[in-house]
Every structure is written in C-alpha cells, then in structure tokens.
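Shown here: my_file.txt, compact mmCIF, C-alpha atoms.
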```txt
# COMPACT_ATOMS: atom_id res chain seq x y z
CA MET A 1 -84.60 -75.45 -32.70
CA LYS A 2 -81.10 -74.51 -31.48
CA ARG A 3 -78.67 -73.24 -34.19
CA PRO A 4 -75.08 -74.60 -34.09
CA ALA A 5 -72.33 -72.27 -32.83
CA VAL A 6 -70.29 -70.52 -35.48
CA ASN A 7 -66.46 -70.25 -35.25
CA MET A 8 -65.90 -66.50 -35.79
CA LEU A 9 -62.18 -67.07 -36.51
CA GLY A 10 -62.99 -69.25 -39.47
CA SER A 11 -61.84 -72.74 -40.08
CA ARG A 12 -57.99 -73.06 -39.53
CA HIS A 13 -55.84 -76.14 -39.44
CA GLY A 14 -52.30 -76.49 -37.94
CA LEU A 15 -49.26 -77.54 -39.99
CA THR A 16 -48.83 -81.20 -40.52
CA LEU A 17 -45.52 -82.83 -39.64
CA LEU A 18 -44.68 -83.18 -43.32
CA GLU A 19 -45.30 -79.48 -43.96
CA LEU A 20 -43.19 -78.50 -40.95
CA LEU A 21 -40.30 -80.61 -42.19
CA ALA A 22 -40.55 -78.98 -45.62
CA VAL A 23 -40.41 -75.49 -44.07
CA LEU A 24 -37.39 -76.43 -41.96
CA MET A 25 -35.62 -77.85 -45.01
CA ILE A 26 -36.22 -74.64 -46.97
CA LEU A 27 -34.86 -72.56 -44.08
CA ALA A 28 -31.79 -74.80 -43.82
CA ILE A 29 -31.06 -74.50 -47.56
CA THR A 30 -31.53 -70.72 -47.48
CA THR A 31 -29.21 -70.40 -44.45
CA THR A 32 -26.54 -72.55 -46.10
CA ILE A 33 -26.62 -70.44 -49.26
CA ALA A 34 -26.39 -67.25 -47.19
CA VAL A 35 -23.44 -68.56 -45.15
CA VAL A 36 -21.55 -69.70 -48.27
CA SER A 37 -22.16 -66.35 -49.97
CA LEU A 38 -21.04 -64.46 -46.85
CA GLN A 39 -17.92 -66.61 -46.57
CA GLY A 40 -16.95 -65.71 -50.14
CA VAL A 41 -17.38 -62.01 -49.42
CA GLN A 42 -15.39 -62.34 -46.20
CA ASP A 43 -12.56 -64.22 -47.94
CA GLN A 44 -12.38 -61.58 -50.66
CA SER A 45 -12.24 -58.85 -48.03
CA ARG A 46 -9.41 -60.65 -46.22
CA TYR A 47 -7.48 -61.15 -49.46
CA ASP A 48 -7.89 -57.47 -50.39
CA ALA A 49 -6.69 -56.48 -46.90
CA THR A 50 -3.64 -58.72 -47.36
CA LYS A 51 -2.77 -57.07 -50.68
CA ARG A 52 -3.13 -53.62 -49.14
CA THR A 53 -0.82 -54.63 -46.31
CA MET A 54 1.78 -55.94 -48.75
CA THR A 55 1.61 -52.68 -50.72
CA ALA A 56 1.97 -50.64 -47.53
CA VAL A 57 5.02 -52.66 -46.44
CA GLY A 58 6.62 -52.21 -49.87
CA GLU A 59 6.07 -48.44 -49.77
CA ALA A 60 7.37 -48.28 -46.21
CA ILE A 61 10.63 -49.94 -47.26
CA LEU A 62 11.11 -48.63 -50.81
CA GLY A 63 8.84 -45.58 -50.95
CA GLN A 64 6.08 -44.87 -53.45
CA GLN A 65 7.01 -45.17 -57.11
CA ASP A 66 6.99 -42.31 -59.62
CA ARG A 67 6.64 -39.53 -57.06
CA ARG A 68 8.22 -36.21 -57.97
CA GLN A 69 8.97 -32.93 -56.30
CA PRO A 70 7.54 -29.64 -57.65
CA ASP A 71 10.67 -29.08 -59.77
CA GLY A 72 10.28 -32.51 -61.41
CA THR A 73 13.12 -34.26 -59.61
CA PRO A 74 12.36 -37.69 -58.14
CA LEU A 75 10.96 -37.84 -54.63
CA LEU A 76 12.55 -40.91 -53.10
CA THR A 77 11.18 -41.80 -49.69
CA GLY A 78 10.99 -44.85 -47.49
CA PHE A 79 13.15 -46.65 -44.96
CA VAL A 80 16.03 -47.53 -47.32
CA ALA A 81 16.29 -44.02 -48.80
CA ASP A 82 16.41 -42.42 -45.35
CA VAL A 83 18.38 -44.94 -43.30
CA GLY A 84 20.68 -46.38 -45.95
CA ARG A 85 19.86 -50.05 -45.42
CA GLY A 86 16.90 -52.39 -45.35
CA PRO A 87 14.97 -53.06 -42.12
CA ARG A 88 16.69 -55.41 -39.72
CA LEU A 89 14.69 -58.38 -38.45
CA ARG A 90 14.13 -58.22 -34.70
CA GLY A 91 13.57 -61.27 -32.52
CA ASP A 92 12.12 -64.59 -33.65
CA LEU A 93 8.41 -63.83 -34.18
CA PRO A 94 7.54 -62.95 -37.81
CA GLU A 95 4.60 -60.88 -36.57
CA THR A 96 6.94 -58.35 -34.91
CA GLN A 97 10.27 -58.79 -36.71
CA LEU A 98 9.68 -55.72 -38.90
CA ALA A 99 9.18 -53.44 -35.90
CA GLU A 100 11.79 -51.02 -37.28
CA LEU A 101 9.18 -49.88 -39.80
CA TYR A 102 6.67 -48.80 -37.16
CA ASP A 103 8.62 -48.55 -33.89
CA ALA A 104 10.04 -45.01 -33.68
CA SER A 105 12.71 -46.07 -31.16
CA LEU A 106 15.28 -46.18 -33.99
CA TRP A 107 14.96 -42.39 -34.17
CA SER A 108 16.98 -42.01 -30.98
CA ALA A 109 19.86 -44.03 -32.44
CA PHE A 110 19.82 -42.48 -35.92
CA PRO A 111 17.76 -39.24 -35.94
CA PHE A 112 17.12 -37.52 -39.26
CA ASP A 113 19.69 -34.80 -39.90
CA LEU A 114 22.02 -33.25 -42.49
CA ARG A 115 25.22 -35.29 -42.11
CA PRO A 116 28.70 -34.56 -43.47
CA GLY A 117 31.12 -37.00 -45.01
CA PRO A 118 34.13 -38.31 -43.04
CA ALA A 119 37.61 -36.80 -43.10
CA GLY A 120 38.47 -35.63 -46.59
CA TYR A 121 34.80 -35.36 -47.58
CA GLU A 122 33.52 -32.90 -44.95
CA ASP A 123 32.15 -30.56 -47.62
CA ILE A 124 29.69 -33.23 -48.80
CA ARG A 125 26.42 -33.37 -46.87
CA LEU A 126 23.37 -35.58 -47.24
CA PRO A 127 20.02 -35.58 -45.39
CA CYS A 128 19.51 -38.96 -43.76
CA GLY A 129 18.31 -40.76 -40.66
CA TYR A 130 15.12 -42.28 -39.29
CA ARG A 131 11.97 -40.23 -39.80
CA GLY A 132 9.35 -42.90 -39.31
CA PRO A 133 7.18 -44.61 -38.43
CA TYR A 134 6.94 -45.73 -42.04
CA LEU A 135 4.17 -48.30 -41.54
CA ASP A 136 0.78 -47.88 -39.86
CA LEU A 137 -0.54 -51.15 -38.43
CA GLY A 138 -3.90 -49.66 -37.58
CA VAL A 139 -5.58 -48.65 -34.36
CA GLY A 140 -4.77 -51.03 -31.52
CA ALA A 141 -2.65 -53.36 -33.70
CA SER A 142 0.85 -54.37 -32.60
CA GLU A 143 1.62 -57.21 -35.05
CA LEU A 144 2.09 -57.43 -38.81
CA VAL A 145 -0.34 -60.08 -40.06
CA ASP A 146 -2.41 -60.85 -43.16
CA GLY A 147 -6.19 -60.59 -43.50
CA TRP A 148 -6.63 -64.00 -41.85
CA GLY A 149 -4.48 -63.04 -38.86
CA ASN A 150 -1.51 -65.14 -40.02
CA ALA A 151 2.11 -63.98 -40.06
CA PHE A 152 3.88 -63.25 -43.35
CA GLU A 153 6.90 -65.33 -44.33
CA LEU A 154 10.05 -63.26 -43.84
CA GLN A 155 13.39 -64.22 -45.39
CA PRO A 156 16.64 -62.65 -44.11
CA GLY A 157 19.53 -61.71 -46.35
CA THR A 158 22.89 -63.47 -46.48
CA ASP A 159 23.99 -61.62 -43.34
CA GLY A 160 21.11 -63.22 -41.46
CA SER A 161 19.52 -60.02 -40.20
CA LEU A 162 18.45 -57.61 -42.94
CA LEU A 163 15.15 -58.44 -44.63
CA ALA A 164 15.59 -59.94 -48.10
CA SER A 165 11.98 -60.74 -48.98
CA LEU A 166 8.44 -60.98 -47.65
CA ALA A 167 5.92 -63.52 -48.94
CA TRP A 168 2.28 -64.49 -48.41
CA ASN A 169 1.31 -68.08 -49.05
CA ALA A 170 -2.08 -68.35 -50.73
CA VAL A 171 -5.07 -69.26 -48.56
CA GLU A 172 -8.09 -71.08 -50.03
CA PRO A 173 -9.83 -70.22 -52.29
CA TYR A 174 -6.95 -68.10 -53.62
CA THR A 175 -4.09 -69.66 -55.57
CA ASP A 176 -1.74 -66.71 -56.19
CA ASP A 177 1.08 -66.08 -53.72
CA LEU A 178 2.14 -62.49 -53.05
CA PHE A 179 5.85 -61.57 -52.94
CA LEU A 180 7.94 -58.51 -52.06
CA ASP A 181 11.67 -58.28 -52.84
CA ALA A 182 13.11 -55.88 -50.26
CA ARG A 183 16.57 -56.06 -51.88
CA ARG A 184 15.31 -53.91 -54.75
CA GLY A 185 16.25 -50.92 -52.61
CA LEU A 186 19.95 -51.86 -52.89
CA VAL A 187 21.03 -51.28 -56.49
CA SER A 188 24.01 -50.76 -58.80
CA VAL A 189 25.47 -47.42 -59.84
CA VAL A 190 27.76 -47.58 -62.88
CA GLY A 191 29.21 -45.14 -65.35
CA THR A 192 32.12 -43.75 -67.30
CA VAL A 193 34.69 -41.06 -66.54
CA THR A 194 36.02 -38.60 -69.12
CA ASN A 195 38.28 -35.56 -69.15
CA ASP A 196 36.71 -32.96 -71.42
CA GLY A 197 35.22 -35.80 -73.44
CA ALA A 198 38.45 -37.81 -73.68
CA ALA A 199 39.57 -40.89 -71.79
CA PRO A 200 41.39 -39.87 -68.60
CA ALA A 201 44.88 -41.00 -67.72
CA SER A 202 43.86 -41.51 -64.12
CA SER A 203 40.73 -41.22 -61.99
CA THR A 204 39.32 -42.24 -58.65
CA VAL A 205 35.60 -42.35 -57.83
CA VAL A 206 33.85 -42.81 -54.49
CA LEU A 207 30.15 -42.78 -53.59
CA LEU A 208 28.82 -41.47 -50.29
CA HIS A 209 25.59 -42.66 -48.69
CA PRO A 210 24.08 -43.01 -45.21
CA ASP A 211 24.72 -46.18 -43.25
CA PRO A 212 23.80 -46.28 -39.55
CA ASP A 213 25.90 -49.43 -39.12
CA VAL A 214 29.06 -47.50 -40.01
CA SER A 215 28.45 -44.26 -38.16
CA THR A 216 25.57 -42.18 -36.87
CA THR A 217 27.44 -38.92 -37.39
CA THR A 218 29.14 -39.23 -40.79
CA LEU A 219 28.39 -40.77 -44.17
CA ALA A 220 29.68 -44.11 -45.43
CA VAL A 221 32.10 -44.12 -48.37
CA ALA A 222 31.75 -46.88 -50.97
CA THR A 223 34.78 -47.93 -53.01
CA ASP A 224 34.75 -48.19 -56.80
CA LEU A 225 34.77 -51.82 -57.90
CA ASN A 226 36.44 -50.80 -61.19
CA SER A 227 39.21 -48.79 -59.53
CA GLN A 228 41.83 -50.34 -61.83
CA ASP A 229 40.09 -48.91 -64.91
CA PRO A 230 40.27 -45.08 -65.05
CA GLY A 231 37.54 -44.98 -67.68
CA THR A 232 34.70 -46.64 -65.75
CA PHE A 233 33.31 -47.01 -62.24
CA SER A 234 30.91 -49.41 -60.54
CA PHE A 235 29.23 -49.68 -57.15
CA ASN A 236 26.99 -52.49 -55.90
CA ASN A 237 24.36 -52.54 -53.15
CA VAL A 238 23.94 -48.79 -53.12
CA PRO A 239 20.85 -47.80 -51.10
CA MET A 240 18.37 -45.89 -53.26
CA GLY A 241 17.91 -42.20 -52.47
CA LEU A 242 19.88 -38.95 -52.74
CA ARG A 243 23.58 -39.83 -52.92
CA ALA A 244 26.86 -38.03 -53.62
CA ILE A 245 29.67 -39.03 -55.99
CA ARG A 246 33.18 -37.56 -55.74
CA ALA A 247 35.55 -38.07 -58.67
CA VAL A 248 39.15 -37.00 -59.12
CA ILE A 249 39.83 -36.96 -62.87
CA ASP A 250 43.46 -36.32 -63.85
CA GLY A 251 43.82 -34.32 -60.65
CA HIS A 252 40.56 -32.35 -61.08
CA VAL A 253 37.84 -32.80 -58.45
CA ILE A 254 34.14 -32.88 -59.33
CA THR A 255 31.16 -33.68 -57.09
CA ARG A 256 27.74 -34.80 -58.23
CA TYR A 257 24.57 -35.23 -56.18
CA VAL A 258 22.36 -37.85 -57.82
CA TYR A 259 19.04 -39.53 -57.13
CA VAL A 260 19.49 -43.29 -57.24
CA PRO A 261 16.13 -44.99 -58.04
CA ARG A 262 15.22 -48.59 -57.30
CA THR A 263 16.13 -49.47 -60.90
CA GLY A 264 19.76 -48.42 -60.42
CA LEU A 265 21.66 -45.66 -62.19
CA ALA A 266 24.09 -45.23 -65.09
CA LEU A 267 25.81 -41.89 -65.72
CA THR A 268 28.91 -40.17 -67.09
CA LEU A 269 31.24 -38.00 -65.02
CA ASN A 270 32.97 -35.55 -67.33
CA TYR A 271 35.45 -32.92 -66.21
CA VAL A 272 34.99 -29.73 -68.21
CA PRO A 273 37.74 -27.13 -67.74
CA GLU A 274 36.63 -23.62 -66.93
CA THR A 275 37.05 -21.12 -69.74
CA GLY A 276 38.23 -17.57 -69.12
CA GLY A 277 35.79 -14.72 -69.81
```

How does this structure look as structure tokens?
Amino acid sequence: MKRPAVNMLGSRHGLTLLELLAVLMILAITTTIAVVSLQGVQDQSRYDATKRTMTAVGEAILGQQDRRQPDGTPLLTGFVADVGRGPRLRGDLPETQLAELYDASLWSAFPFDLRPGPAGYEDIRLPCGYRGPYLDLGVGASELVDGWGNAFELQPGTDGSLLASLAWNAVEPYTDDLFLDARRGLVSVVGTVTNDGAAPASSTVVLLHPDPDVSTTTLAVATDLNSQDPGTFSFNNVPMGLRAIRAVIDGHVITRYVYVPRTGLALTLNYVPETGG
C-alpha cells in the first residue's frame, strides 16, 4: 500500500485578509507615533537654534556681559562699543538688513585705530572703529533667520535707520516671544562736579566718544545737557565702551577715561589741587 507524501516544510498557512489589515494598522500607528515624536524633537531643536541666534546677535551688538580684563577692569566689546552707534539697517529684506554685523566692508570706511579728539581735544585718544565681523552666520549662510528659516522682526529707531529692537514671534508649539533691545547700548552718563570737595563756581564738561557718522578721523564731542548747572552734568545716548570726559572746574582742567557699561554710569569729577612736597 502506497504511503501518502509528507510535507517536509511542515504545515503553514498564509495571512488572512483580516490579519494583514491588523498588521498594517499597527504599522500605521507606530509610524504616526514616531513622526509625532520626531516632530517634537525637531521643533525643540529649531527653537534652541533660534535662542542661540538671538543670543549671538545680542553679543555682536552689545558684547558679552560681565567680561573683565586681567586687571579686573571691564572688557566691553561688540559693535556699539567699537563703532559708537548701533548697526544700521541695510536695504528692505529683514534677512540681510543687519549685514553690518557680519559684512566686513564697513572696515574700509571706519577701520579700527587709535583716534584723537578734534581741535582743542587732540591730547585725548580712544581706540575705536570696525573690527568685525561680529556675527557668524555659519558655513554657507548669507541670511539671518530663525530655526525655521523665517526672518526676525527688525524695528528701526526714530531716525529710521539704526536698529532699535529685534523680535522673534513664537511658532507653534511655543508661546514665548523672544526680544532684544538694541538701544541698551546707548545709555546715560550723569554725575556731579566739585572743586576740592566744594561746589564749583563754574564748570564745563564734555564727553568724547567714537561716531563714524560725524568723522572717521576724530572723535565726536557730546555736550552737557546740564551746562547751566555748574554742579552737575548729564549726557544721553552715550554709546557704551571706553569713553573720555574732559571737565574744566573753576579754570582747572581734568580728564577721566571711563568704561561706560550698558547700565549707564554715574560718577563724581572732583578737582584736587596739587600739594607741594
């Protein structure tokens, strides 16, 4: 009697249509979860990149905070400290309007150097000028954009050209806007004037700082807003950085070099007569 053939591969059945649909559904759910999770990670990465860009722009304009030289004096760097004004907006495209921060062409118009004051202040000298680029856009990049590739919102000052502020409008799922006030680099310098500790009968005070819009060879001279009061002085919109103050107190001339931080400065100018030895 003939024996029946045996299937050496064993008994196997194909997937039913119902089982195939179940497998496809599981794969679809798993893929959806993976895509949603990846999107969250990608959004977080873009948001972090946007914050880093905002920080880099702030440091390019105003310098890094709380930096000091080896002797403990403040180290004030950045566009405003070197050039004496905020960056000027170029053209109409927000992506390239802050080109002064990364386009070194400004160097040819206002190269970094030790510049003297104008007539009557030639003995006063301050280091100033463009020594950028101050901002690195990254390899191959030519536009300033956020992590999503969108332009930042740039607001000009009252003169219509200098940057006043830079803002990033929140992108889903983020709700917090990011903001940079570029005008913080232009501050007030105030103080009092005394003659050997006493109120002076007369005094004049001027402040010298770089300003490429005034001259590329000499320093700009700011006028005391309290010139009618011999006991006090006040200057507004002084660019942060190393600056010089010249005071004539009851006919005696004193000069002070001061570091003006982004928080402004208050000081006393006191003439002390020399004593014979």

Practice prompt. Figure out the distance between atom CA of A:Glu100 and atom CA of A:Thr217, please, to one decimal in Å.
Written response: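 Computed distance, atom CA of A:Thr217 to atom CA of A:Glu100, equals 19.8 Å.
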
Practice prompt. For A:Tyr257, work out the shell of residues within 7 Å, counting only C-alpha atoms and skipping chain neighbours fewer than 3 positions away, then give it as a count of residues only.
Written response: 4

Worksheet item: Looking at only C-alpha atoms, which of A:Arg246, A:His209, A:Arg85, A:His252 is the one that sits closest to A:Arg183?
Response: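 The answer is A:Arg85, which sits nearest to A:Arg183.
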
Could you put an axis-aligned box around every listed atom of stretch 258-261 of chain A, padded by 5 Å on each side, and send me its centre and edge lengths in Å to one decimal, as lines of an AutoDock Vina configuration file?
```
center_x = 19.2
center_y = -41.4
center_z = -57.6
size_x = 16.2
size_y = 17.1
size_z = 10.9
```

Item to complete: Skip A:Asp113 itself and residues of its chain fewer than 5 positions away, then list as a ChimeraX atom specification all residues within 9 Å of it, counting only C-alpha atoms.
Response: /A:126-130

Fill in: Selection: 6 Å around stretch 139-156 of chain A, all atoms listed in the file, excl. self and same-chain fewer than 4 positions, as an NGL selection string
:A and (46 or 49-50 or 94-96 or 160-168)

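The interatomic distance for the pair atom CA of A:Thr268 and atom CA of A:Gln228 works out to 17.3 Å.
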
Practice prompt. Have a look at A:Ala109, A:Val41, A:Met54, A:Ile61 and name the one nearest to A:Pro133; count only C-alpha atoms.
Written response: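 Using only C-alpha atoms, A:Pro133 sits closest to A:Ile61.
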
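Note that the spacing between atom CA of A:Thr158 and atom CA of A:Arg90 amounts to 15.6 Å.
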
Practice prompt. Would you mind listing what lies within 9 Å of A:Asp103 as a PyMOL selection string, with all atoms listed in the file counted and same-chain residues fewer than 2 positions away left out?
Written response: chain A and resi 98-101+105-107+132-135

Output file for the selection above: C-alpha atoms, as a PDB file, in the coordinates of the input:
```pdb
ATOM      1  CA  LEU A  98       9.680 -55.720 -38.900  1.00  0.00           C
ATOM      2  CA  ALA A  99       9.180 -53.440 -35.900  1.00  0.00           C
ATOM      3  CA  GLU A 100      11.790 -51.020 -37.280  1.00  0.00           C
ATOM      4  CA  LEU A 101       9.180 -49.880 -39.800  1.00  0.00           C
ATOM      5  CA  SER A 105      12.710 -46.070 -31.160  1.00  0.00           C
ATOM      6  CA  LEU A 106      15.280 -46.180 -33.990  1.00  0.00           C
ATOM      7  CA  TRP A 107      14.960 -42.390 -34.170  1.00  0.00           C
ATOM      8  CA  GLY A 132       9.350 -42.900 -39.310  1.00  0.00           C
ATOM      9  CA  PRO A 133       7.180 -44.610 -38.430  1.00  0.00           C
ATOM     10  CA  TYR A 134       6.940 -45.730 -42.040  1.00  0.00           C
ATOM     11  CA  LEU A 135       4.170 -48.300 -41.540  1.00  0.00           C
TER      12      LEU A 135
END
```

Discussion item. From the options A:Thr218, A:Ser234, A:Thr255, A:Asn169, which residue's atoms come nearest to A:Phe110, counting all atoms listed in the file?
Written reply: A:Thr218

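Near A:Ile249, within 8 Å and counting all atoms listed in the file, sit Val193, Thr194, Asn195, Pro200, Ser202, Ser203, Thr204, Ile254 and Tyr271 of chain A, not including residues fewer than 5 positions from it in the same chain.
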
Worksheet item: Which residue gives the smallest distance to A:Gly185 among A:Ala119, A:Ile26, A:Leu76, A:Ala199, with only C-alpha atoms counted?
Response: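 The shortest atom-to-atom distance to A:Gly185 comes from A:Leu76.
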
Item to complete: Go through A:Met240, A:Leu225, A:Leu267, A:Val190 and flag the residue nearest A:Val83, using all atoms listed in the file for the distances.
Response: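 Under the stated criterion, the closest residue is A:Met240.
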